[in-house]
Amino acid sequence: MADEQTLSTGMGKARLGHAGPMVSKLALGAMTFGAETSEQEAFNQLDLFVENGGNFIDTADNYSAGLSEAIIGKWGKLRGGLDNVLVATKGRFSPPPGSYGASRRSLIRSVDASLRRLQLDAIDVYYIHGWDKDTDVMETLVALGDLVTAGKIHCTAWSNLTGWQLQRVITTAKENGLPVPVAMQSQYSLLERDIELELLPCCLEEGIGLTPWSPLGGGWLTGKYQKDLLPTGATRLGEDPNRGVEAYHLRNRERTYRVLEALNEIAIQHQRSVADIALAWLAQRPGVCSILLGARTAEQLKANLAAAHIRLPDKHMTVLNEASDPGLPAYPYGFQETWSDMEIWRHLGIQVN
């Protein structure tokens with residue numbers, strides 16, 4: 001019988017950062033919509049997600065060249081509007097003609113285009129999708145402030161930043177009375193914990209909510225890939241073993257299999273899948289508000305939604321922390337722990353190398 005501490009009462013909701021909306025602990029990531037996922041299958045996912053208590057949908061203007069947003073907008077219209085869900089989208093990597101990056105011209109026009117595709121009057125959470133070295137952050141923040149004032153976006157957020165970049169955004173915003181981000185979206189999982197060195201401590205210090213992407217490490221944390229056996233078939237890595245940061249050669253290492261072994265042992269005790277346990281671990285990490293689930297099919301999404309009903313006991317969180325520990329560089333982090341009484345990394349479960 002499953003450990004009683006495993007079960008929770010439902011999906012649950014959390015406030016997104018210091019001033020954001022109340023969002024479901026699991027979010028529906030729509031990157032596959034219009035590419036790996038057909039329109040009808042996307043509708044099936046959206047229906048399933050809402051039926052299971054989800055209220056936070058995440059997309060971007062560069063997902064399938066805007067088709068992902070358009071599918072969500074069409075689904076909303078067919079279901080009588082998107083009033084019962086919160087929609088997040090992103091801009092920066094698909095600037096309109098004559099514009100670039102996160103410049104004012106790009107953002108103003110990109111937001112208008114996203115609103116048309118989504119068939120919305122306002123975007124609940126608007127992310128700047130990545131750092132733009134060619135645009136002063138002040139220009140980006142002023143444009144976001146004007147969009148908030150105009151009622152076109154409700155909250156601002158950023159994605160894929162380093163710790164110093166996020167702190168620069170926050171400081172510039174506070175000093176000039178501009179929108180302070182409510183959320184940060186980064187890759188985060190048992191296989192990718194490096195944001196715990198700088199970025200996550202910054203989020204915790206400033207009250208910025210975290211919305212992790214790739215929570216299952218591109219499929220690695222489902223247990224479907226095997227040691228030293230190149231993937232084949234209809235999976236992400238089967239179709240492209242060199243796929244970005246999730247590439248087989250980058251993850252085919254001892255630490256990965258150490259994590260999977262720990263996950264498997266805990267999953268057996270709780271009569272759950274290894275993916276469920278990996279998602280449950282992430283949901284209980286400090287600062288995590290809503291985890292992006294990306295699936296090709298409604299069947300895959302349904303399996304992942306089961307994680308909403310799991311809460312791991314402290315002893316199992318500790319086991320997973322130790323198995324996935326990325327190691328804390330002795331300097332400057334270990335030095336600060338010793339000489340400046342910094343406890344954040346110890347709190348996050350990272351030990352000095």
# chains A, B, ... in the order shown; residues from 1 in each chain; ligands from 1
call {"tool": "closest_atom_pairs", "arguments": {"of": "region 14-108 of chain A", "to": "region 288-302 of chain A", "cutoff": "7 Å", "atoms": "only C-alpha atoms", "output": "CSV"}}
result
residue,atom,partner,partner_atom,distance
A:Ala14,CA,A:Cys289,CA,5.8
A:Arg15,CA,A:Cys289,CA,7.0
A:Leu16,CA,A:Cys289,CA,6.0
A:Val23,CA,A:Ser290,CA,6.9
A:Ser24,CA,A:Ser290,CA,6.3
A:Lys25,CA,A:Ser290,CA,4.2
A:Leu26,CA,A:Ile291,CA,4.8
A:Ala27,CA,A:Leu292,CA,4.7
A:Leu28,CA,A:Leu293,CA,5.2
A:Gly29,CA,A:Gly294,CA,4.8
A:Ala30,CA,A:Gly294,CA,6.5
A:Met31,CA,A:Gly294,CA,6.9
A:Thr32,CA,A:Arg296,CA,6.2
A:Glu36,CA,A:Arg296,CA,6.0
A:Thr37,CA,A:Arg296,CA,5.3
A:Glu41,CA,A:Thr297,CA,6.3
A:Asn44,CA,A:Ala298,CA,6.0
A:Gln45,CA,A:Ala298,CA,4.8
call {"tool": "residues_around", "arguments": {"residues": "region 130-143 of chain A", "least_positions_apart": "2", "cutoff": "10 Å", "atoms": "only C-alpha atoms", "output": "JSON, numbers by chain"}}
result
{"A": [90, 91, 92, 93, 100, 101, 102, 103, 104, 105, 106, 107, 108, 127, 128, 145, 146, 147, 148, 149, 156, 158, 159, 160, 161, 162, 165, 166, 168, 169, 170, 172, 173, 176, 177, 178, 179, 180, 181, 185]}
call {"tool": "write_last_selection", "arguments": {"atoms": "N, CA, C and O atoms", "output": "compact mmCIF listing (two decimals), in the first residue's frame"}}
result
# COMPACT_ATOMS: atom_id res chain seq x y z
N LYS A 90 5.09 34.69 -24.35
CA LYS A 90 6.43 35.26 -24.31
C LYS A 90 6.74 35.98 -25.61
O LYS A 90 6.18 35.66 -26.66
N GLY A 91 7.65 36.94 -25.52
CA GLY A 91 8.15 37.62 -26.70
C GLY A 91 9.64 37.87 -26.58
O GLY A 91 10.17 37.90 -25.47
N ARG A 92 10.29 38.00 -27.74
CA ARG A 92 11.71 38.33 -27.84
C ARG A 92 12.36 37.64 -29.03
O ARG A 92 13.14 38.21 -29.76
N PHE A 93 11.99 36.35 -29.28
CA PHE A 93 12.66 35.59 -30.32
C PHE A 93 11.92 35.56 -31.65
O PHE A 93 12.41 34.98 -32.61
N TYR A 100 13.72 44.10 -33.47
CA TYR A 100 14.66 43.09 -32.99
C TYR A 100 14.46 42.88 -31.49
O TYR A 100 14.09 43.79 -30.75
N GLY A 101 14.72 41.64 -31.07
CA GLY A 101 14.81 41.28 -29.66
C GLY A 101 13.73 41.83 -28.76
O GLY A 101 12.53 41.76 -29.04
N ALA A 102 14.18 42.39 -27.63
CA ALA A 102 13.29 42.93 -26.61
C ALA A 102 13.22 44.45 -26.68
O ALA A 102 13.01 45.12 -25.67
N SER A 103 13.40 45.00 -27.87
CA SER A 103 13.30 46.45 -28.04
C SER A 103 11.85 46.91 -27.89
O SER A 103 10.92 46.10 -27.97
N ARG A 104 11.66 48.20 -27.70
CA ARG A 104 10.30 48.73 -27.53
C ARG A 104 9.42 48.42 -28.74
O ARG A 104 8.30 47.94 -28.60
N ARG A 105 9.94 48.71 -29.93
CA ARG A 105 9.16 48.49 -31.15
C ARG A 105 8.75 47.02 -31.26
O ARG A 105 7.61 46.69 -31.62
N SER A 106 9.69 46.13 -30.96
CA SER A 106 9.41 44.70 -31.06
C SER A 106 8.34 44.27 -30.07
O SER A 106 7.38 43.57 -30.44
N LEU A 107 8.47 44.69 -28.81
CA LEU A 107 7.53 44.23 -27.79
C LEU A 107 6.12 44.77 -28.00
O LEU A 107 5.14 44.04 -27.84
N ILE A 108 6.01 46.04 -28.35
CA ILE A 108 4.67 46.63 -28.55
C ILE A 108 3.93 45.87 -29.65
O ILE A 108 2.76 45.49 -29.49
N TYR A 127 6.17 37.06 -20.49
CA TYR A 127 7.59 36.82 -20.27
C TYR A 127 8.45 37.43 -21.36
O TYR A 127 8.11 37.35 -22.55
N ILE A 128 9.57 38.02 -20.96
CA ILE A 128 10.64 38.28 -21.92
C ILE A 128 11.41 36.97 -22.00
O ILE A 128 11.95 36.49 -21.00
N GLY A 145 6.21 48.52 -18.93
CA GLY A 145 5.39 49.39 -18.08
C GLY A 145 4.26 50.04 -18.85
O GLY A 145 3.12 50.13 -18.36
N ASP A 146 4.55 50.48 -20.06
CA ASP A 146 3.51 51.10 -20.89
C ASP A 146 2.43 50.08 -21.28
O ASP A 146 1.25 50.42 -21.35
N LEU A 147 2.85 48.85 -21.52
CA LEU A 147 1.89 47.81 -21.87
C LEU A 147 1.00 47.46 -20.67
O LEU A 147 -0.19 47.17 -20.84
N VAL A 148 1.56 47.49 -19.46
CA VAL A 148 0.76 47.27 -18.26
C VAL A 148 -0.24 48.42 -18.09
O VAL A 148 -1.43 48.20 -17.83
N THR A 149 0.24 49.64 -18.23
CA THR A 149 -0.63 50.82 -18.10
C THR A 149 -1.76 50.79 -19.12
O THR A 149 -2.90 51.16 -18.82
N THR A 156 4.41 41.00 -15.46
CA THR A 156 5.59 40.76 -16.28
C THR A 156 6.45 39.67 -15.66
O THR A 156 6.41 39.43 -14.45
N TRP A 158 10.25 37.01 -16.69
CA TRP A 158 11.41 36.81 -17.56
C TRP A 158 11.75 35.33 -17.61
O TRP A 158 11.31 34.55 -16.75
N SER A 159 12.54 34.96 -18.60
CA SER A 159 12.89 33.56 -18.78
C SER A 159 14.34 33.41 -19.22
O SER A 159 14.88 34.28 -19.92
N ASN A 160 14.96 32.32 -18.77
CA ASN A 160 16.30 31.93 -19.23
C ASN A 160 17.38 32.97 -18.93
O ASN A 160 18.25 33.24 -19.77
N LEU A 161 17.35 33.53 -17.74
CA LEU A 161 18.36 34.51 -17.33
C LEU A 161 19.36 33.88 -16.37
O LEU A 161 19.11 32.84 -15.77
N THR A 162 20.49 34.56 -16.20
CA THR A 162 21.42 34.23 -15.13
C THR A 162 21.03 35.04 -13.89
O THR A 162 20.17 35.92 -13.95
N GLN A 165 21.73 38.82 -14.28
CA GLN A 165 20.80 39.46 -15.20
C GLN A 165 19.46 39.71 -14.54
O GLN A 165 18.87 40.80 -14.67
N LEU A 166 18.96 38.73 -13.80
CA LEU A 166 17.69 38.91 -13.11
C LEU A 166 17.80 40.02 -12.07
O LEU A 166 16.90 40.85 -11.94
N ARG A 168 19.74 42.57 -12.13
CA ARG A 168 19.79 43.86 -12.84
C ARG A 168 18.39 44.30 -13.25
O ARG A 168 18.03 45.47 -13.13
N VAL A 169 17.58 43.34 -13.73
CA VAL A 169 16.19 43.66 -14.09
C VAL A 169 15.44 44.17 -12.87
O VAL A 169 14.76 45.21 -12.93
N ILE A 170 15.55 43.47 -11.76
CA ILE A 170 14.82 43.84 -10.54
C ILE A 170 15.25 45.20 -10.03
O ILE A 170 14.41 46.06 -9.71
N THR A 172 16.80 47.69 -11.61
CA THR A 172 16.42 48.77 -12.54
C THR A 172 14.94 49.07 -12.44
O THR A 172 14.52 50.24 -12.44
N ALA A 173 14.13 48.04 -12.32
CA ALA A 173 12.68 48.23 -12.22
C ALA A 173 12.32 48.98 -10.94
O ALA A 173 11.54 49.94 -10.95
N ASN A 176 13.24 52.73 -10.83
CA ASN A 176 12.56 53.61 -11.78
C ASN A 176 11.04 53.45 -11.77
O ASN A 176 10.36 53.98 -12.65
N GLY A 177 10.52 52.76 -10.76
CA GLY A 177 9.07 52.61 -10.66
C GLY A 177 8.46 51.83 -11.80
O GLY A 177 7.32 52.12 -12.22
N LEU A 178 9.19 50.86 -12.33
CA LEU A 178 8.73 50.06 -13.46
C LEU A 178 8.33 48.66 -12.97
O LEU A 178 8.66 48.27 -11.85
N PRO A 179 7.62 47.88 -13.80
CA PRO A 179 7.12 46.58 -13.33
C PRO A 179 8.24 45.63 -12.90
O PRO A 179 9.14 45.32 -13.68
N VAL A 180 8.15 45.18 -11.67
CA VAL A 180 9.08 44.17 -11.16
C VAL A 180 8.51 42.81 -11.55
O VAL A 180 7.32 42.56 -11.37
N PRO A 181 9.32 41.93 -12.10
CA PRO A 181 8.78 40.63 -12.53
C PRO A 181 8.22 39.83 -11.35
O PRO A 181 8.73 39.89 -10.24
N GLN A 185 11.18 31.93 -15.43
CA GLN A 185 11.02 30.60 -16.02
C GLN A 185 12.39 30.09 -16.47
O GLN A 185 13.06 30.71 -17.29
call {"tool": "select_by_dssp", "arguments": {"residues": "region 159-290 of chain A", "states": "strand (DSSP E or B)", "output": "PyMOL selection string"}}
result
chain A and resi 159+183-185+187+189+192+209-210+213+226+229+288
call {"tool": "write_last_selection", "arguments": {"atoms": "all heavy atoms", "output": "compact mmCIF listing (two decimals), in the first residue's frame"}}
result
# COMPACT_ATOMS: atom_id res chain seq x y z
N SER A 159 12.54 34.96 -18.60
CA SER A 159 12.89 33.56 -18.78
C SER A 159 14.34 33.41 -19.22
O SER A 159 14.88 34.28 -19.92
CB SER A 159 11.96 32.95 -19.85
OG SER A 159 12.26 31.59 -20.07
N ALA A 183 7.67 36.46 -11.91
CA ALA A 183 8.08 35.08 -12.13
C ALA A 183 9.33 35.00 -12.98
O ALA A 183 9.67 35.91 -13.73
CB ALA A 183 6.95 34.29 -12.79
N MET A 184 10.01 33.87 -12.82
CA MET A 184 11.19 33.53 -13.60
C MET A 184 10.99 32.11 -14.12
O MET A 184 10.67 31.20 -13.35
CB MET A 184 12.44 33.60 -12.72
CG MET A 184 13.72 33.23 -13.41
SD MET A 184 14.20 34.46 -14.62
CE MET A 184 15.08 33.42 -15.78
N GLN A 185 11.18 31.93 -15.43
CA GLN A 185 11.02 30.60 -16.02
C GLN A 185 12.39 30.09 -16.47
O GLN A 185 13.06 30.71 -17.29
CB GLN A 185 10.06 30.65 -17.20
CG GLN A 185 9.65 29.28 -17.71
CD GLN A 185 8.58 29.35 -18.76
OE1 GLN A 185 8.78 28.96 -19.90
NE2 GLN A 185 7.40 29.86 -18.39
N GLN A 187 15.01 26.26 -16.88
CA GLN A 187 15.11 24.81 -16.84
C GLN A 187 15.47 24.39 -15.41
O GLN A 187 16.39 24.93 -14.81
CB GLN A 187 16.18 24.31 -17.81
CG GLN A 187 16.26 22.80 -17.84
CD GLN A 187 17.37 22.26 -18.72
OE1 GLN A 187 17.40 21.08 -19.01
NE2 GLN A 187 18.27 23.12 -19.16
N SER A 189 15.23 20.69 -12.85
CA SER A 189 14.80 19.32 -12.60
C SER A 189 15.85 18.64 -11.74
O SER A 189 16.88 19.24 -11.40
CB SER A 189 14.63 18.55 -13.92
OG SER A 189 15.90 18.26 -14.49
N GLU A 192 18.99 18.98 -13.56
CA GLU A 192 19.48 20.33 -13.88
C GLU A 192 19.19 21.24 -12.69
O GLU A 192 18.14 21.89 -12.63
CB GLU A 192 18.82 20.86 -15.15
CG GLU A 192 19.30 22.23 -15.57
CD GLU A 192 20.82 22.31 -15.63
OE1 GLU A 192 21.42 21.72 -16.53
OE2 GLU A 192 21.40 22.96 -14.72
N GLY A 209 8.57 34.19 -8.23
CA GLY A 209 8.12 32.81 -8.35
C GLY A 209 8.84 32.10 -9.48
O GLY A 209 9.16 32.70 -10.51
N LEU A 210 9.07 30.81 -9.31
CA LEU A 210 9.76 30.02 -10.32
C LEU A 210 8.76 29.12 -11.04
O LEU A 210 7.95 28.43 -10.40
CB LEU A 210 10.85 29.18 -9.66
CG LEU A 210 11.91 28.57 -10.57
CD1 LEU A 210 12.72 29.66 -11.27
CD2 LEU A 210 12.84 27.65 -9.78
N TRP A 213 10.74 24.83 -16.59
CA TRP A 213 10.46 24.07 -17.80
C TRP A 213 11.38 22.84 -17.84
O TRP A 213 12.36 22.78 -17.13
CB TRP A 213 10.59 24.92 -19.06
CG TRP A 213 11.92 25.57 -19.36
CD1 TRP A 213 12.30 26.84 -19.01
CD2 TRP A 213 13.02 25.04 -20.13
NE1 TRP A 213 13.56 27.11 -19.49
CE2 TRP A 213 14.03 26.03 -20.19
CE3 TRP A 213 13.24 23.81 -20.77
CZ2 TRP A 213 15.24 25.82 -20.85
CZ3 TRP A 213 14.45 23.61 -21.43
CH2 TRP A 213 15.43 24.61 -21.47
N GLN A 226 18.05 4.32 -21.84
CA GLN A 226 18.92 3.34 -21.19
C GLN A 226 20.39 3.72 -21.32
O GLN A 226 20.80 4.39 -22.27
CB GLN A 226 18.69 1.96 -21.81
CG GLN A 226 17.27 1.44 -21.65
CD GLN A 226 17.09 0.08 -22.29
OE1 GLN A 226 17.98 -0.77 -22.23
NE2 GLN A 226 15.93 -0.14 -22.90
N LEU A 229 22.83 3.22 -24.61
CA LEU A 229 22.04 2.71 -25.73
C LEU A 229 21.34 3.89 -26.40
O LEU A 229 20.37 4.43 -25.87
CB LEU A 229 21.01 1.69 -25.24
CG LEU A 229 20.15 1.03 -26.33
CD1 LEU A 229 21.02 0.24 -27.30
CD2 LEU A 229 19.10 0.12 -25.70
N VAL A 288 9.28 27.24 -6.06
CA VAL A 288 8.57 26.72 -7.23
C VAL A 288 7.07 26.96 -7.07
O VAL A 288 6.46 26.51 -6.10
CB VAL A 288 8.86 25.22 -7.44
CG1 VAL A 288 7.96 24.65 -8.54
CG2 VAL A 288 10.33 25.00 -7.79
call {"tool": "residues_around", "arguments": {"residues": "Glu69 (chain A)", "least_positions_apart": "5", "cutoff": "10 Å", "atoms": "only C-alpha atoms", "output": "ChimeraX atom specification"}}
result
/A:30-31,33-34,58-64,74-75,87-89,113-119
call {"tool": "atom_distance", "arguments": {"atom1": "CA of Pro326 (chain A)", "atom2": "CA of Glu265 (chain A)"}}
result
20.4 Å
call {"tool": "residues_around", "arguments": {"residues": "region 321-323 of chain A", "least_positions_apart": "2", "cutoff": "6 Å", "atoms": "only C-alpha atoms", "output": "PDB file with all heavy atoms, in the first residue's frame"}}
result
ATOM      1  N   VAL A 259      20.422   9.184 -10.052  1.00  0.00           N
ATOM      2  CA  VAL A 259      19.127   9.814  -9.787  1.00  0.00           C
ATOM      3  C   VAL A 259      17.991   8.859 -10.136  1.00  0.00           C
ATOM      4  O   VAL A 259      17.024   8.700  -9.372  1.00  0.00           O
ATOM      5  CB  VAL A 259      18.991  11.126 -10.583  1.00  0.00           C
ATOM      6  CG1 VAL A 259      17.560  11.654 -10.526  1.00  0.00           C
ATOM      7  CG2 VAL A 259      19.963  12.180 -10.053  1.00  0.00           C
ATOM      8  N   THR A 318      15.132  14.137   0.921  1.00  0.00           N
ATOM      9  CA  THR A 318      16.561  14.116   1.244  1.00  0.00           C
ATOM     10  C   THR A 318      17.308  13.127   0.361  1.00  0.00           C
ATOM     11  O   THR A 318      18.396  13.424  -0.154  1.00  0.00           O
ATOM     12  CB  THR A 318      16.769  13.761   2.721  1.00  0.00           C
ATOM     13  OG1 THR A 318      16.150  14.761   3.531  1.00  0.00           O
ATOM     14  CG2 THR A 318      18.249  13.685   3.065  1.00  0.00           C
ATOM     15  N   VAL A 319      16.745  11.948   0.159  1.00  0.00           N
ATOM     16  CA  VAL A 319      17.376  10.940  -0.700  1.00  0.00           C
ATOM     17  C   VAL A 319      17.575  11.496  -2.120  1.00  0.00           C
ATOM     18  O   VAL A 319      18.650  11.343  -2.722  1.00  0.00           O
ATOM     19  CB  VAL A 319      16.521   9.647  -0.742  1.00  0.00           C
ATOM     20  CG1 VAL A 319      17.014   8.719  -1.858  1.00  0.00           C
ATOM     21  CG2 VAL A 319      16.568   8.935   0.595  1.00  0.00           C
ATOM     22  N   ASP A 325      22.588  15.898  -6.159  1.00  0.00           N
ATOM     23  CA  ASP A 325      23.427  17.017  -5.728  1.00  0.00           C
ATOM     24  C   ASP A 325      24.441  17.385  -6.817  1.00  0.00           C
ATOM     25  O   ASP A 325      25.300  16.579  -7.177  1.00  0.00           O
ATOM     26  CB  ASP A 325      24.170  16.627  -4.448  1.00  0.00           C
ATOM     27  CG  ASP A 325      24.930  17.780  -3.817  1.00  0.00           C
ATOM     28  OD1 ASP A 325      25.063  18.843  -4.471  1.00  0.00           O
ATOM     29  OD2 ASP A 325      25.406  17.622  -2.680  1.00  0.00           O
ATOM     30  N   GLY A 349      20.200  21.849  -0.191  1.00  0.00           N
ATOM     31  CA  GLY A 349      20.688  20.480  -0.273  1.00  0.00           C
ATOM     32  C   GLY A 349      21.887  20.288  -1.166  1.00  0.00           C
ATOM     33  O   GLY A 349      22.042  19.219  -1.779  1.00  0.00           O
TER      34      GLY A 349
END
call {"tool": "atom_distance", "arguments": {"atom1": "CA of Leu221 (chain A)", "atom2": "CA of Leu67 (chain A)"}}
result
28.5 Å
call {"tool": "select_by_dssp", "arguments": {"residues": "region 39-218 of chain A", "states": "helix (DSSP H, G or I)", "output": "JSON, numbers by chain"}}
result
{"A": [39, 40, 41, 42, 43, 44, 45, 46, 47, 48, 49, 50, 51, 63, 64, 65, 66, 67, 68, 69, 70, 71, 72, 73, 74, 75, 76, 77, 78, 104, 105, 106, 107, 108, 109, 110, 111, 112, 113, 114, 115, 116, 117, 118, 137, 138, 139, 140, 141, 142, 143, 144, 145, 146, 147, 148, 149, 163, 164, 165, 166, 167, 168, 169, 170, 171, 172, 173, 174, 175, 194, 195, 196, 199, 200, 201, 202, 203, 204, 205, 206, 217, 218]}
call {"tool": "closest_residue", "arguments": {"among": "A:Tyr333, A:Gly12, A:Leu86, A:Arg258", "to": "Ile310 (chain A)", "atoms": "only C-alpha atoms"}}
result
A:Gly12
call {"tool": "residues_around", "arguments": {"residues": "Val352 (chain A)", "least_positions_apart": "6", "cutoff": "7 Å", "atoms": "only C-alpha atoms", "output": "PyMOL selection string"}}
result
chain A and resi 327-330+334
call {"tool": "residues_around", "arguments": {"residues": "Ala19 (chain A)", "least_positions_apart": "6", "cutoff": "9 Å", "atoms": "only C-alpha atoms", "output": "VMD selection string"}}
result
chain A and resid 155 181 to 182 207 to 208
call {"tool": "write_last_selection", "arguments": {"atoms": "C-alpha atoms", "output": "PDB file, in the first residue's frame"}}
result
ATOM      1  CA  CYS A 155       2.059  40.890 -14.932  1.00  0.00           C
ATOM      2  CA  PRO A 181       8.775  40.625 -12.526  1.00  0.00           C
ATOM      3  CA  VAL A 182       6.568  38.222 -10.614  1.00  0.00           C
ATOM      4  CA  GLY A 207      10.024  37.098  -3.974  1.00  0.00           C
ATOM      5  CA  ILE A 208      10.120  35.983  -7.607  1.00  0.00           C
TER       6      ILE A 208
END
call {"tool": "atom_distance", "arguments": {"atom1": "CA of Lys77 (chain A)", "atom2": "CA of Arg109 (chain A)"}}
result
22.7 Å
call {"tool": "closest_residue", "arguments": {"among": "A:Ile268, A:Ile153, A:Val111, A:Leu191", "to": "Gly217 (chain A)", "atoms": "only C-alpha atoms"}}
result
A:Leu191
call {"tool": "decode", "arguments": {"residues": "region 24-46 of chain A", "atoms": "N, CA and C atoms", "output": "mmCIF file, in the first residue's frame"}}
result
data_model
loop_
_atom_site.group_PDB
_atom_site.id
_atom_site.type_symbol
_atom_site.label_atom_id
_atom_site.label_comp_id
_atom_site.auth_asym_id
_atom_site.auth_seq_id
_atom_site.Cartn_x
_atom_site.Cartn_y
_atom_site.Cartn_z
ATOM 1 N N SER A 24 -2.302 27.284 -10.769
ATOM 2 C CA SER A 24 -2.248 25.871 -10.418
ATOM 3 C C SER A 24 -0.797 25.417 -10.340
ATOM 4 N N LYS A 25 -0.529 24.470 -9.450
ATOM 5 C CA LYS A 25 0.840 23.999 -9.224
ATOM 6 C C LYS A 25 1.429 23.317 -10.447
ATOM 7 N N LEU A 26 0.575 22.858 -11.341
ATOM 8 C CA LEU A 26 1.016 22.344 -12.627
ATOM 9 C C LEU A 26 0.441 23.240 -13.714
ATOM 10 N N ALA A 27 1.281 23.600 -14.676
ATOM 11 C CA ALA A 27 0.850 24.436 -15.796
ATOM 12 C C ALA A 27 0.927 23.615 -17.078
ATOM 13 N N LEU A 28 0.119 23.983 -18.048
ATOM 14 C CA LEU A 28 0.148 23.287 -19.326
ATOM 15 C C LEU A 28 1.045 24.055 -20.294
ATOM 16 N N GLY A 29 2.178 23.464 -20.622
ATOM 17 C CA GLY A 29 3.086 24.059 -21.595
ATOM 18 C C GLY A 29 2.659 23.692 -23.005
ATOM 19 N N ALA A 30 2.543 24.691 -23.867
ATOM 20 C CA ALA A 30 1.972 24.478 -25.202
ATOM 21 C C ALA A 30 3.011 24.537 -26.313
ATOM 22 N N MET A 31 4.265 24.248 -26.020
ATOM 23 C CA MET A 31 5.302 24.325 -27.046
ATOM 24 C C MET A 31 5.072 23.328 -28.178
ATOM 25 N N THR A 32 4.444 22.190 -27.875
ATOM 26 C CA THR A 32 4.224 21.177 -28.916
ATOM 27 C C THR A 32 3.037 21.491 -29.815
ATOM 28 N N PHE A 33 2.170 22.418 -29.401
ATOM 29 C CA PHE A 33 0.948 22.688 -30.159
ATOM 30 C C PHE A 33 1.282 23.217 -31.558
ATOM 31 N N GLY A 34 0.719 22.569 -32.572
ATOM 32 C CA GLY A 34 0.966 23.007 -33.938
ATOM 33 C C GLY A 34 2.206 22.398 -34.554
ATOM 34 N N ALA A 35 2.970 21.655 -33.762
ATOM 35 C CA ALA A 35 4.174 20.998 -34.273
ATOM 36 C C ALA A 35 4.028 19.497 -34.048
ATOM 37 N N GLU A 36 4.413 19.029 -32.870
ATOM 38 C CA GLU A 36 4.275 17.597 -32.548
ATOM 39 C C GLU A 36 2.845 17.234 -32.157
ATOM 40 N N THR A 37 2.044 18.247 -31.811
ATOM 41 C CA THR A 37 0.669 18.020 -31.364
ATOM 42 C C THR A 37 -0.306 18.721 -32.302
ATOM 43 N N SER A 38 -1.241 17.965 -32.874
ATOM 44 C CA SER A 38 -2.229 18.533 -33.790
ATOM 45 C C SER A 38 -3.206 19.429 -33.046
ATOM 46 N N GLU A 39 -3.984 20.194 -33.797
ATOM 47 C CA GLU A 39 -4.962 21.084 -33.179
ATOM 48 C C GLU A 39 -5.959 20.310 -32.332
ATOM 49 N N GLN A 40 -6.508 19.207 -32.854
ATOM 50 C CA GLN A 40 -7.498 18.445 -32.098
ATOM 51 C C GLN A 40 -6.889 17.833 -30.851
ATOM 52 N N GLU A 41 -5.655 17.327 -30.949
ATOM 53 C CA GLU A 41 -5.006 16.748 -29.781
ATOM 54 C C GLU A 41 -4.702 17.841 -28.755
ATOM 55 N N ALA A 42 -4.370 19.044 -29.237
ATOM 56 C CA ALA A 42 -4.161 20.175 -28.322
ATOM 57 C C ALA A 42 -5.452 20.515 -27.585
ATOM 58 N N PHE A 43 -6.571 20.513 -28.311
ATOM 59 C CA PHE A 43 -7.870 20.751 -27.662
ATOM 60 C C PHE A 43 -8.130 19.697 -26.580
ATOM 61 N N ASN A 44 -7.793 18.442 -26.893
ATOM 62 C CA ASN A 44 -7.991 17.363 -25.920
ATOM 63 C C ASN A 44 -7.157 17.614 -24.661
ATOM 64 N N GLN A 45 -5.912 18.055 -24.863
ATOM 65 C CA GLN A 45 -5.049 18.356 -23.721
ATOM 66 C C GLN A 45 -5.608 19.502 -22.897
ATOM 67 N N LEU A 46 -6.037 20.555 -23.554
ATOM 68 C CA LEU A 46 -6.561 21.724 -22.853
ATOM 69 C C LEU A 46 -7.806 21.358 -22.038
#
